[in-house]
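Visitor: After the structure tokens below, expect a handful of questions from me.
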Amino acid sequence: MNKLKILVNGIIKENPVLVLVLGTCPALAVTNSTINGVGMGLAATFVLICSNVVISLLKKVIPDKVRIPCYIVVIAGFVTVVQLMMQAYMKSLYDALGIFLSLIVVNCVILGRAEMFANKNSVFDSFLDGVGMGIGFTLALFLMGALREIFGAGTFCNIPIPGLSSQPIAILAQAPGGFFVYGFIIAMLNKVSHGKAVKRKTFDCESCPSHAGCSGALKGGCGR
Amino acid sequence: MKAVKEFVVPAAVLTAICLVVSAALAGTYQLTEPVIEAAKRAEADASRVVVLPGGADFKEVTVSGVENIVEAYEAGNGAGYVITGKAKGYGGDLQVMAGIDKDGKIAGVKLMDNNETQGIGSKTGEDAYTSQYKGKDSTLEGVTAVSGATISSKAFQSAVTSIFQAYGSLAGVEVAAPEAEDYKTVVFPDVTEFTEVALDGAKAAYKAGDAGYVIVIEAAGGWEHAAGPMEIYVGVANNGKIAGVAVGENHEAPPSPETAVVLKQDYLSSYIGKTSPDDVDNVSGATQTSRGIKKGVRTAMELAPALIGDTTPQVDLTVAEDGSASAVIGAVRVEIDATGKVAGVFAADETADLASVAPEEVKEAMDNALAAYNASKGA
């Protein structure tokens, strides 16, 4: 597979949040401000790259039966490392992300990429996939965070925007606003891509955006 | 061999991975722990000055007998105390650090370790909220919650209250507990002195100067989904009439705008002057809450005689042999003829003029005299 294609894949064609609809929990929860969104995106990207590389390295060693527990242990290890590092050197971001930082463990983007890609591709390809998916995840979170902060709080990266800061749409910064903005972005993406991003002609295994990396595809589809 | 491949290898691999990861984590922890500790200490020291400007040379002191205190420091230069308290918030314990100056007033507060929801409960850590504590004494009068973050705000306030208790024990002074809005003055606005009196069956009762009594009833929530009882303050004047009703702490989450109306004085003032809640209308759309209040008022009115004594007017009734009667009530003498009709009303004091008696009093005297006359006939 073309290396560049692997990298770009995660950013646009298989954007984890906007196309694969994975990792929506953090995407909705921490994107009430731009900095939180980007911070979460970068932390998850780090864990994603590391876990992709390690799992790709261990793909011959890990027995199929216990692969999920193994992935979780590896991912949880990296998350804790990130948490400790952040607490030591980036205290303010650590405080801002709070409880959601430890929830990276259960971020389905990371487990999803381990299962879909890293466990059957080379180390370097897995690394590239991690970078691409991470950038895609971060970009999506940045977009949501920026929109919600600009319209929900009238600020961008905590800098007040004249005209907007006096009349913010406060609900956008709260939980329902996350859903509004998320739905809005996905709708826009479909409009811009003329439905190619998500809409499929048929709903079979080949049309799934995860088809390329899915272990079920070899057997002819999920659950077969 | 198959069994080994089926069961032993997976377990061994998983164990090995766990061990490696644990070792890596232990290493990272060793590496970062001093930095984290130092950062925490530096932050704590810096924030101690933030909450107690002018404080220096902090020394840790121990607080005994006060719950929910994390740590306490005394400023070596006598500027005051910096105490960290905790309370259960929305996402577990939240810690609050407060500086209390030598006059027992808050010099500053700061939200410390917490897991409150970002953007909601975390607002209790923002200046807009914390700055209102500055200069407050232990009653925390006038502190308002962050709207939408009531649980976090309450926890914050409760932590500050614990801190004041700790301050009291450290500085050896008496600290007053914070008082919620004083509903006693809502029912008796002109009275400033309330003395607590004992009353069985009521949550509390107060003598309101010479004007009457306030009876506090904890009535079951009116609204069927209410999370708890509501506190009803009933003011009873010395003549046994309701002087005012106020609803204190309650859980009548307003499902309709009408509920909010019921809890306000515009509605509650319709109780004034009544002796029972029977003649007060329910507010449609908030029937349950209206009824709940009525129930509370009724309970209070049943308890009231224990405080103000029997208010049934003393009627000095003399019945003549021909069936006519004469009754003296206060300053009024009522003559009743044999058919049970009022024959005449006079001032009780022969030398006084009936015009000097208030018309309402005269009417009441007539009513009471007739009631007493009828009662005597019936008996």
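By order of appearance in the structure tokens: chains A, B, ..., then residues from 1 within every chain, and ligands from 1 in the order shown.
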With 9 Å as the limit and counting only C-alpha atoms, what residues in chain A lie close to chain B? Please list them as JSON, numbers by chain.
Guide: {"A": [29, 30, 32, 33, 61, 62, 63, 64, 65, 66, 67, 69, 70, 73, 74, 76, 77, 78, 80, 81, 84, 85, 87, 88, 89, 91, 95, 96, 97, 98, 99, 173, 174]}
Visitor: Identify, on the basis of only C-alpha atoms, every residue whose closest approach to B:Thr84 does not exceed 12 Å; exclude the query and any residue fewer than 4 positions from it along the same chain; express the result as JSON, numbers by chain.
Guide: {"B": [44, 47, 48, 51, 60, 61, 62, 63, 66, 67, 68, 69, 70, 71, 72, 73, 74, 94, 95, 96, 97, 98, 99, 100, 108, 109, 110, 111, 112, 113, 156, 158, 159, 160, 161, 162, 163, 164, 165, 166, 167]}
Visitor: Here is a test: counting only C-alpha atoms, which residue of B:Gly209, B:Pro229, B:Gly201, B:Gly285 is nearest to B:Glu302?
Guide: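 Checking each candidate against B:Glu302, we get B:Gly201 as the closest.
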Visitor: Considering only C-alpha atoms, return as a count of residues only whatever protein or nucleic-acid residues lie within 9 Å of stretch 141-155 of chain A, sequence-local ones (same chain, fewer than 4 positions apart) excluded.
Guide: 38
Visitor: Residues of chain A classed as helix (DSSP H, G or I) by DSSP on the backbone are to be reported as a count of residues only.
Guide: 151
Visitor: Interatomic distance between atom CA of B:Glu141 and atom CA of B:Ala300?
Guide: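 Value for the atom CA of B:Glu141-atom CA of B:Ala300 distance: 28.2 Å.
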